[in-house]
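This is final-v2.cif (mmCIF, C-alpha atoms).
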```cif
data_upload
loop_
_atom_site.group_PDB
_atom_site.id
_atom_site.type_symbol
_atom_site.label_atom_id
_atom_site.label_comp_id
_atom_site.auth_asym_id
_atom_site.auth_seq_id
_atom_site.Cartn_x
_atom_site.Cartn_y
_atom_site.Cartn_z
ATOM 1 C CA MET A 1 -9.890 6.540 38.885
ATOM 2 C CA ALA A 2 -12.837 4.153 38.672
ATOM 3 C CA LYS A 3 -13.705 2.850 35.255
ATOM 4 C CA LYS A 4 -16.752 4.555 33.771
ATOM 5 C CA GLU A 5 -19.827 2.328 33.781
ATOM 6 C CA LYS A 6 -21.322 1.341 30.431
ATOM 7 C CA PHE A 7 -24.370 -0.562 29.293
ATOM 8 C CA TYR A 8 -24.376 -2.860 26.282
ATOM 9 C CA VAL A 9 -27.352 -3.361 23.994
ATOM 10 C CA VAL A 10 -27.460 -6.579 21.982
ATOM 11 C CA TRP A 11 -30.210 -6.443 19.357
ATOM 12 C CA TYR A 12 -29.226 -9.745 17.804
ATOM 13 C CA GLY A 13 -27.381 -12.249 19.951
ATOM 14 C CA ASN A 14 -27.886 -15.327 22.092
ATOM 15 C CA PRO A 15 -29.603 -13.998 24.038
ATOM 16 C CA ALA A 16 -30.464 -10.421 23.026
ATOM 17 C CA GLY A 17 -30.866 -7.870 25.792
ATOM 18 C CA ILE A 18 -29.218 -5.106 27.817
ATOM 19 C CA PHE A 19 -26.082 -6.044 29.731
ATOM 20 C CA GLY A 20 -24.182 -4.235 32.448
ATOM 21 C CA SER A 21 -20.703 -5.477 31.510
ATOM 22 C CA TRP A 22 -18.611 -6.139 28.427
ATOM 23 C CA LYS A 23 -18.059 -9.707 29.651
ATOM 24 C CA GLU A 24 -21.813 -10.419 29.610
ATOM 25 C CA CYS A 25 -22.097 -8.788 26.199
ATOM 26 C CA GLN A 26 -19.273 -10.946 24.835
ATOM 27 C CA LEU A 27 -20.978 -14.118 26.029
ATOM 28 C CA SER A 28 -24.178 -12.997 24.291
ATOM 29 C CA ILE A 29 -22.558 -12.381 20.905
ATOM 30 C CA LYS A 30 -20.022 -15.219 20.943
ATOM 31 C CA GLY A 31 -20.496 -17.458 17.914
ATOM 32 C CA VAL A 32 -23.422 -15.379 16.595
ATOM 33 C CA LYS A 33 -22.825 -14.469 12.965
ATOM 34 C CA GLY A 34 -23.924 -10.912 12.236
ATOM 35 C CA ALA A 35 -24.410 -10.039 15.917
ATOM 36 C CA GLN A 36 -25.749 -6.523 16.496
ATOM 37 C CA TYR A 37 -24.540 -4.696 19.587
ATOM 38 C CA MET A 38 -23.404 -1.311 20.892
ATOM 39 C CA SER A 39 -22.448 0.395 24.166
ATOM 40 C CA PHE A 40 -24.219 3.311 25.853
ATOM 41 C CA GLU A 41 -23.282 5.558 28.758
ATOM 42 C CA THR A 42 -26.565 5.285 30.665
ATOM 43 C CA PHE A 43 -29.197 2.612 31.178
ATOM 44 C CA ALA A 44 -31.911 5.041 29.953
ATOM 45 C CA GLU A 45 -30.104 5.468 26.622
ATOM 46 C CA ALA A 46 -29.579 1.725 26.348
ATOM 47 C CA LYS A 47 -33.258 1.001 27.029
ATOM 48 C CA LYS A 48 -34.369 3.556 24.436
ATOM 49 C CA ALA A 49 -31.987 2.066 21.859
ATOM 50 C CA TYR A 50 -33.115 -1.499 22.593
ATOM 51 C CA ASN A 51 -36.691 -0.562 21.706
ATOM 52 C CA LYS A 52 -35.538 0.887 18.399
ATOM 53 C CA GLU A 53 -33.545 -0.602 15.533
ATOM 54 C CA TYR A 54 -29.832 -1.326 15.311
ATOM 55 C CA ALA A 55 -29.871 0.520 11.971
ATOM 56 C CA ASP A 56 -30.829 3.730 13.799
ATOM 57 C CA TYR A 57 -27.533 3.618 15.730
ATOM 58 C CA LYS A 58 -25.119 1.784 13.454
ATOM 59 C CA GLY A 59 -22.079 3.927 12.689
ATOM 60 C CA LYS A 60 -23.012 6.525 15.313
ATOM 61 C CA GLY A 61 -21.168 4.952 18.238
ATOM 62 C CA GLY A 62 -24.197 5.172 20.500
ATOM 63 C CA LYS A 63 -24.154 8.960 20.313
ATOM 64 C CA LYS A 64 -27.305 11.004 20.023
ATOM 65 C CA ASP A 65 -28.158 12.379 16.610
ATOM 66 C CA LYS A 66 -27.020 15.927 15.988
ATOM 67 C CA THR A 67 -29.690 18.618 15.837
ATOM 68 C CA LEU A 68 -30.824 19.259 12.302
ATOM 69 C CA SER A 69 -29.980 22.591 10.757
ATOM 70 C CA ALA A 70 -32.641 25.017 9.541
ATOM 71 C CA GLU A 71 -31.667 24.076 5.996
ATOM 72 C CA ASP A 72 -32.149 20.369 6.734
ATOM 73 C CA LEU A 73 -35.555 21.011 8.291
ATOM 74 C CA LYS A 74 -36.590 23.062 5.260
ATOM 75 C CA LYS A 75 -35.614 20.225 2.918
ATOM 76 C CA ILE A 76 -37.564 17.674 4.944
ATOM 77 C CA GLY A 77 -40.639 19.887 5.231
ATOM 78 C CA GLU A 78 -43.736 19.091 7.281
ATOM 79 C CA PRO A 79 -45.468 15.703 7.573
ATOM 80 C CA ASN A 80 -48.490 14.963 5.413
ATOM 81 C CA LEU A 81 -51.363 14.942 7.897
ATOM 82 C CA TYR A 82 -53.643 13.169 5.412
ATOM 83 C CA SER A 83 -52.144 9.861 6.481
ATOM 84 C CA ILE A 84 -52.051 7.160 9.103
ATOM 85 C CA SER A 85 -49.049 6.444 11.324
ATOM 86 C CA VAL A 86 -48.109 3.000 12.633
ATOM 87 C CA ASP A 87 -45.767 1.823 15.364
ATOM 88 C CA ALA A 88 -44.978 -1.116 17.625
ATOM 89 C CA ALA A 89 -43.695 -1.592 21.154
ATOM 90 C CA SER A 90 -41.846 -4.554 22.597
ATOM 91 C CA SER A 91 -40.918 -5.174 26.235
ATOM 92 C CA GLY A 92 -37.728 -7.065 25.486
ATOM 93 C CA ASN A 93 -36.515 -8.447 22.190
ATOM 94 C CA PRO A 94 -38.159 -10.911 22.083
ATOM 95 C CA GLY A 95 -40.792 -9.973 24.639
ATOM 96 C CA LYS A 96 -44.404 -8.898 25.023
ATOM 97 C CA MET A 97 -45.281 -6.965 21.841
ATOM 98 C CA GLU A 98 -48.164 -4.918 20.465
ATOM 99 C CA TYR A 99 -48.746 -2.596 17.526
ATOM 100 C CA ARG A 100 -51.222 0.029 16.401
ATOM 101 C CA GLY A 101 -52.172 2.586 13.773
ATOM 102 C CA VAL A 102 -53.511 6.103 14.351
ATOM 103 C CA ASP A 103 -54.768 9.064 12.371
ATOM 104 C CA THR A 104 -51.669 11.246 12.008
ATOM 105 C CA GLN A 105 -53.571 14.499 12.488
ATOM 106 C CA THR A 106 -55.994 13.632 15.297
ATOM 107 C CA HIS A 107 -54.017 10.757 16.888
ATOM 108 C CA LYS A 108 -57.262 8.768 16.990
ATOM 109 C CA GLN A 109 -56.463 5.063 17.225
ATOM 110 C CA LEU A 110 -57.618 3.208 14.109
ATOM 111 C CA PHE A 111 -56.463 -0.292 15.026
ATOM 112 C CA HIS A 112 -54.554 -2.094 17.743
ATOM 113 C CA GLN A 113 -53.327 -5.678 18.079
ATOM 114 C CA GLY A 114 -51.792 -7.380 21.082
ATOM 115 C CA PRO A 115 -50.131 -7.664 23.355
ATOM 116 C CA PHE A 116 -48.666 -10.922 22.077
ATOM 117 C CA ALA A 117 -46.801 -13.046 24.621
ATOM 118 C CA GLN A 118 -43.598 -13.172 22.584
ATOM 119 C CA GLY A 119 -42.593 -11.001 19.647
ATOM 120 C CA THR A 120 -40.093 -8.405 18.468
ATOM 121 C CA ASN A 121 -40.341 -4.749 17.588
ATOM 122 C CA ASN A 122 -39.479 -5.462 13.949
ATOM 123 C CA ILE A 123 -42.299 -7.999 13.631
ATOM 124 C CA GLY A 124 -44.733 -5.515 15.151
ATOM 125 C CA GLU A 125 -43.648 -2.754 12.761
ATOM 126 C CA PHE A 126 -44.075 -5.127 9.801
ATOM 127 C CA LEU A 127 -47.539 -6.263 10.881
ATOM 128 C CA ALA A 128 -48.617 -2.680 11.577
ATOM 129 C CA ILE A 129 -47.755 -1.596 8.034
ATOM 130 C CA VAL A 130 -49.574 -4.552 6.458
ATOM 131 C CA HIS A 131 -52.605 -3.956 8.710
ATOM 132 C CA GLY A 132 -52.592 -0.326 7.585
ATOM 133 C CA LEU A 133 -52.348 -1.302 3.920
ATOM 134 C CA ALA A 134 -55.282 -3.702 4.216
ATOM 135 C CA LEU A 135 -57.380 -1.118 6.078
ATOM 136 C CA LEU A 136 -56.765 1.640 3.528
ATOM 137 C CA LYS A 137 -57.474 -0.704 0.612
ATOM 138 C CA GLN A 138 -60.713 -1.842 2.246
ATOM 139 C CA LYS A 139 -61.796 1.785 2.656
ATOM 140 C CA ASN A 140 -60.559 2.696 -0.850
ATOM 141 C CA SER A 141 -58.525 5.478 0.781
ATOM 142 C CA ASP A 142 -55.661 7.338 -0.904
ATOM 143 C CA ARG A 143 -53.956 8.274 2.364
ATOM 144 C CA ILE A 144 -50.282 7.385 2.889
ATOM 145 C CA ILE A 145 -48.728 5.365 5.713
ATOM 146 C CA TYR A 146 -45.936 6.648 7.940
ATOM 147 C CA THR A 147 -43.573 4.269 9.751
ATOM 148 C CA ASP A 148 -40.307 4.930 11.583
ATOM 149 C CA SER A 149 -38.869 1.500 10.688
ATOM 150 C CA ARG A 150 -36.797 1.130 7.519
ATOM 151 C CA ILE A 151 -36.383 -2.565 8.289
ATOM 152 C CA ALA A 152 -40.140 -3.134 8.256
ATOM 153 C CA MET A 153 -40.462 -1.127 5.043
ATOM 154 C CA GLY A 154 -37.917 -3.456 3.445
ATOM 155 C CA TRP A 155 -39.733 -6.559 4.667
ATOM 156 C CA VAL A 156 -43.036 -5.313 3.261
ATOM 157 C CA LYS A 157 -41.395 -4.544 -0.067
ATOM 158 C CA LYS A 158 -40.078 -8.120 -0.210
ATOM 159 C CA LYS A 159 -43.434 -9.469 1.041
ATOM 160 C CA LYS A 160 -41.591 -11.438 3.717
ATOM 161 C CA CYS A 161 -41.234 -11.032 7.483
ATOM 162 C CA ASN A 162 -37.517 -11.778 7.698
ATOM 163 C CA THR A 163 -37.411 -12.293 11.460
ATOM 164 C CA LYS A 164 -34.846 -14.450 13.231
ATOM 165 C CA LEU A 165 -37.379 -15.326 15.923
ATOM 166 C CA LYS A 166 -38.134 -19.055 15.889
ATOM 167 C CA PRO A 167 -41.742 -20.324 15.993
ATOM 168 C CA SER A 168 -42.798 -21.898 19.291
ATOM 169 C CA ALA A 169 -45.907 -22.695 21.274
ATOM 170 C CA LYS A 170 -45.558 -19.336 23.004
ATOM 171 C CA ASN A 171 -45.655 -17.296 19.786
ATOM 172 C CA LYS A 172 -47.939 -19.539 17.703
ATOM 173 C CA ALA A 173 -50.697 -16.893 17.416
ATOM 174 C CA LEU A 174 -48.178 -14.294 16.290
ATOM 175 C CA PHE A 175 -46.713 -16.501 13.579
ATOM 176 C CA GLU A 176 -50.212 -17.267 12.324
ATOM 177 C CA LEU A 177 -50.732 -13.519 11.941
ATOM 178 C CA ILE A 178 -47.372 -13.177 10.173
ATOM 179 C CA SER A 179 -48.419 -15.889 7.713
ATOM 180 C CA ARG A 180 -51.706 -14.084 7.044
ATOM 181 C CA ALA A 181 -49.865 -10.812 6.471
ATOM 182 C CA GLU A 182 -47.402 -12.386 4.032
ATOM 183 C CA THR A 183 -50.267 -14.059 2.165
ATOM 184 C CA TRP A 184 -52.108 -10.722 1.929
ATOM 185 C CA LEU A 185 -49.031 -9.037 0.456
ATOM 186 C CA LYS A 186 -48.614 -11.780 -2.145
ATOM 187 C CA ASN A 187 -52.283 -11.776 -3.157
ATOM 188 C CA ASN A 188 -53.004 -8.046 -3.170
ATOM 189 C CA THR A 189 -51.834 -4.972 -5.042
ATOM 190 C CA TYR A 190 -51.976 -1.482 -3.573
ATOM 191 C CA ALA A 191 -51.124 2.095 -4.521
ATOM 192 C CA THR A 192 -50.577 3.269 -0.943
ATOM 193 C CA LYS A 193 -47.262 5.024 -0.381
ATOM 194 C CA ILE A 194 -45.265 3.874 2.658
ATOM 195 C CA VAL A 195 -43.146 6.781 3.876
ATOM 196 C CA LYS A 196 -40.389 6.996 6.500
ATOM 197 C CA TRP A 197 -41.368 9.199 9.438
ATOM 198 C CA GLU A 198 -38.640 11.812 9.999
ATOM 199 C CA THR A 199 -38.226 11.481 13.770
ATOM 200 C CA LYS A 200 -35.299 13.901 13.998
ATOM 201 C CA ALA A 201 -37.361 16.654 12.375
ATOM 202 C CA TRP A 202 -40.880 15.919 13.613
ATOM 203 C CA GLY A 203 -40.393 14.145 16.941
ATOM 204 C CA GLU A 204 -41.784 10.726 17.813
ATOM 205 C CA ILE A 205 -44.287 9.213 15.387
ATOM 206 C CA PRO A 206 -47.913 9.837 16.501
ATOM 207 C CA ALA A 207 -48.512 6.096 16.941
ATOM 208 C CA ASP A 208 -45.635 5.844 19.435
ATOM 209 C CA PHE A 209 -46.539 4.051 22.670
ATOM 210 C CA GLY A 210 -44.552 6.516 24.781
ATOM 211 C CA ARG A 211 -42.335 3.947 26.509
ATOM 212 C CA LYS A 212 -38.923 5.481 25.841
#
```
Could you render the structure from this file as structure tokens?
Amino acid sequence: MAKKEKFYVVWYGNPAGIFGSWKECQLSIKGVKGAQYMSFETFAEAKKAYNKEYADYKGKGGKKDKTLSAEDLKKIGEPNLYSISVDAASSGNPGKMEYRGVDTQTHKQLFHQGPFAQGTNNIGEFLAIVHGLALLKQKNSDRIIYTDSRIAMGWVKKKKCNTKLKPSAKNKALFELISRAETWLKNNTYATKIVKWETKAWGEIPADFGRK
């Protein structure tokens, strides 16, 4: 019997990417401390995972999340439509990246940046949240911000974009924006609540770029 084909996602490796064999995956993670990787049964699943976060799959063995029970859905409730939603999209990790924010209820785009020649999804999620915070403060708005990235929420809380991407001529503009965002966080206070979007209960976040 032929061995079942698998695809390997490496979120953090040298290089990161999607690989069609365990041998290629091993070469990517060899010598990389804290490498993040996982196998998937189809390329479509691997591609979807690569554009998300390792934390969304860690401990789940690449399996799809179980359907939430009626009790779970009741506990989560409905999203607060008096809010803005932010998201990012990256073609590769690193790769061409962009981010945006939309009105959660109407899906009207409120801001959009990119595409940047080289970035990561995590950087985009971080910048999107900070952009949203600055926009709401400027408008003196009491709306909340939804994001589907716990990693970006943590970075914003620490006021630091903790990316492993190295600055280069190709991503100079992006790192200038990161510096501006970090400076804004250090020099500004805000009351805006940043809330995790419950994808399993509500579907994809309204700001999603639809590239799954």
task = Quick one: everything within 8 Å of A:Gly132, counting all atoms listed in the file, minus sequence neighbours fewer than 5 positions away in the same chain. Send it as a count of residues only.
result = 4
ask   = Which residues match the PyMOL selection byres ((chain A and resi 89-99) around 10) in the file above, as a PyMOL selection string?
value = chain A and resi 10-12+15-18+47+50-52+86-88+100-101+111-129+131+165+171+174+207-212
Selection to disk with C-alpha atoms, as a JSON list (two decimals), in the frame of the given file:
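To be explicit, this is the file written out as again.json:
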```
[["chain", "number", "residue", "atom", "x", "y", "z"],
["A", 10, "VAL", "CA", -27.46, -6.58, 21.98],
["A", 11, "TRP", "CA", -30.21, -6.44, 19.36],
["A", 12, "TYR", "CA", -29.23, -9.74, 17.80],
["A", 15, "PRO", "CA", -29.60, -14.00, 24.04],
["A", 16, "ALA", "CA", -30.46, -10.42, 23.03],
["A", 17, "GLY", "CA", -30.87, -7.87, 25.79],
["A", 18, "ILE", "CA", -29.22, -5.11, 27.82],
["A", 47, "LYS", "CA", -33.26, 1.00, 27.03],
["A", 50, "TYR", "CA", -33.12, -1.50, 22.59],
["A", 51, "ASN", "CA", -36.69, -0.56, 21.71],
["A", 52, "LYS", "CA", -35.54, 0.89, 18.40],
["A", 86, "VAL", "CA", -48.11, 3.00, 12.63],
["A", 87, "ASP", "CA", -45.77, 1.82, 15.36],
["A", 88, "ALA", "CA", -44.98, -1.12, 17.62],
["A", 100, "ARG", "CA", -51.22, 0.03, 16.40],
["A", 101, "GLY", "CA", -52.17, 2.59, 13.77],
["A", 111, "PHE", "CA", -56.46, -0.29, 15.03],
["A", 112, "HIS", "CA", -54.55, -2.09, 17.74],
["A", 113, "GLN", "CA", -53.33, -5.68, 18.08],
["A", 114, "GLY", "CA", -51.79, -7.38, 21.08],
["A", 115, "PRO", "CA", -50.13, -7.66, 23.36],
["A", 116, "PHE", "CA", -48.67, -10.92, 22.08],
["A", 117, "ALA", "CA", -46.80, -13.05, 24.62],
["A", 118, "GLN", "CA", -43.60, -13.17, 22.58],
["A", 119, "GLY", "CA", -42.59, -11.00, 19.65],
["A", 120, "THR", "CA", -40.09, -8.40, 18.47],
["A", 121, "ASN", "CA", -40.34, -4.75, 17.59],
["A", 122, "ASN", "CA", -39.48, -5.46, 13.95],
["A", 123, "ILE", "CA", -42.30, -8.00, 13.63],
["A", 124, "GLY", "CA", -44.73, -5.52, 15.15],
["A", 125, "GLU", "CA", -43.65, -2.75, 12.76],
["A", 126, "PHE", "CA", -44.08, -5.13, 9.80],
["A", 127, "LEU", "CA", -47.54, -6.26, 10.88],
["A", 128, "ALA", "CA", -48.62, -2.68, 11.58],
["A", 129, "ILE", "CA", -47.76, -1.60, 8.03],
["A", 131, "HIS", "CA", -52.60, -3.96, 8.71],
["A", 165, "LEU", "CA", -37.38, -15.33, 15.92],
["A", 171, "ASN", "CA", -45.66, -17.30, 19.79],
["A", 174, "LEU", "CA", -48.18, -14.29, 16.29],
["A", 207, "ALA", "CA", -48.51, 6.10, 16.94],
["A", 208, "ASP", "CA", -45.64, 5.84, 19.43],
["A", 209, "PHE", "CA", -46.54, 4.05, 22.67],
["A", 210, "GLY", "CA", -44.55, 6.52, 24.78],
["A", 211, "ARG", "CA", -42.34, 3.95, 26.51],
["A", 212, "LYS", "CA", -38.92, 5.48, 25.84]]
```
note = Students should find that atom CA of A:Glu204 and atom CA of A:Tyr57 are spaced 16.1 Å
task = May I ask for the distance between atom CA of A:Gly203 and atom CA of A:Ser141, given in Å to one decimal place?
result = 25.8 Å
note = As a check of understanding: the span from atom CA of A:Ala152 to atom CA of A:Asp72 is 24.9 Å
request  = Apply the PyMOL selection byres ((chain A and resi 198) around 12) to the displayed file and report the matching residues as an MDAnalysis selection string.
outcome  = chainID A and resid 56 68 72:73 75:80 85 146:150 195:197 199:206
request  = Pick out the closest residue to A:Thr183 from this set: A:Ala169, A:Ala134, A:Leu110, A:Val102. Count all atoms listed in the file.
outcome  = A:Ala134
inquiry  = To test your reading of the syntax: which residues would the PyMOL selection byres ((chain A and resi 181) around 9) return for the file shown? Reply as JSON, numbers by chain.
reply    = {"A": [126, 127, 130, 131, 159, 160, 161, 176, 177, 178, 179, 180, 182, 183, 184, 185, 186]}
Who sits within 9 Å of A:Glu24, only C-alpha atoms, same chain under 5 positions skipped, as a ChimeraX atom specification = /A:8,19,29
Mind writing the picked residues with C-alpha atoms as an mmCIF file, keeping the file's coordinate frame?
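Dumped to out-v3.cif:
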```cif
data_model
loop_
_atom_site.group_PDB
_atom_site.id
_atom_site.type_symbol
_atom_site.label_atom_id
_atom_site.label_comp_id
_atom_site.auth_asym_id
_atom_site.auth_seq_id
_atom_site.Cartn_x
_atom_site.Cartn_y
_atom_site.Cartn_z
ATOM 1 C CA TYR A 8 -24.376 -2.860 26.282
ATOM 2 C CA PHE A 19 -26.082 -6.044 29.731
ATOM 3 C CA ILE A 29 -22.558 -12.381 20.905
#
```
